[in-house]
Amino acid sequence: GKDILKLVNISLEDLYNGNTLILTYDTQILNPNCKKCTNCNGKGKIQIMQQLGPMVVQSLDYCSECNGQGYHNIYLPHIETVEINIPKGYDYNEKMHVQNKGLPLLNGVNGDLILSFNLNKHLSYKLKNKDLYIVLDISLKESLLGFIKGITHLDKRMLTISSEDIIKPSTIRCIDNEGIYDSKTGQYGNLYLKFKIVYPNSLSQEQRDIIDKYF
C-alpha cells in the first residue's frame, strides 16, 4: 500500500527529556464485506478481442467496472492511533518510519506511516545543533555589583546563576553539559547565557551626581 505522511509538532522539552506521544491520523482499512467484480471475476483485468485484418488479437486491459481492482468498495475510512517514542536528543530533522501503518493493499503489504517533525518555538530557549541559548535580563546595578538568579531548565530543575564580576552588554557565559543529549557521541551540548542589561528609564539628580563623581 501507499505510505502516509504526517507532520508532528514537538517541543524543546520533548527533545531534552524524551517523551512518548500518542498520534491519531486518517487512514483506511480493508472492507471485509467488499464484493467481487462480476465483470472481471475479481481479476481486475478483462480479455479484449481485436480484429486486425484477417487476424484476431487477444489482449488484456484493466476492468473499467472496478478500476482494475477486482472488487468493489475495498477500503473503508478509519482513524488509527499509534504510540511513538521520542528519545532524548532525537534529531527532529530526520523522518521516522512506522512500518505497516500506512494505507492497506488488497492481497499485499501495507504502506508505512512516515513522520516528519516541526520544533515548536520556545518562549525562553533556542536550539542550535545540540547547544541551548537563553537571554537573561539583569539590571544595571546587577551588571556592576553582581547578582544571584535562578532559571528553570527544560526538565524543571532550577539552575543558580551568580556573578561577582562586571557584566558588559551582550556578555555570553557557558554552562557545560546543560544542552541537548547527543546520542551519537553520548555527550551533552552546552547552555549559553547571553546577558541583556536593562537600563533605567531615568536617573535622579543624586544618582547622576554619584555617577559623575565616581566614574
# chains A, B, ... in the order shown; residues from 1 in each chain; ligands from 1

call {"tool": "select_by_dssp", "arguments": {"residues": "range 49-165 of chain A", "states": "helix (DSSP H, G or I)", "output": "MDAnalysis selection string"}}
result
chainID A and resid 140:145

call {"tool": "residues_around", "arguments": {"residues": "Asn19 in chain A", "least_positions_apart": "5", "cutoff": "9 Å", "atoms": "only C-alpha atoms", "output": "PyMOL selection string"}}
result
chain A and resi 13-14+84-88

call {"tool": "select_by_dssp", "arguments": {"residues": "chain A", "states": "strand (DSSP E)", "output": "PyMOL selection string"}}
result
chain A and resi 4-10+19-30+35-36+45-52+55-62+71-72+75-86+96-98+113-119+125-128+131-139+147-152+158-163+172-175+181-182+187-188+191-198

call {"tool": "closest_atom_pairs", "arguments": {"of": "range 69-100 of chain A", "to": "range 173-190 of chain A", "cutoff": "9 Å", "atoms": "only C-alpha atoms", "output": "Markdown table"}}
result
| residue | atom | partner | partner_atom | distance |
| --- | --- | --- | --- | --- |
| A:Lys88 | CA | A:Tyr181 | CA | 6.4 |
| A:Gly89 | CA | A:Tyr181 | CA | 4.6 |
| A:Tyr90 | CA | A:Ser183 | CA | 7.7 |
| A:Asp91 | CA | A:Asp182 | CA | 8.8 |
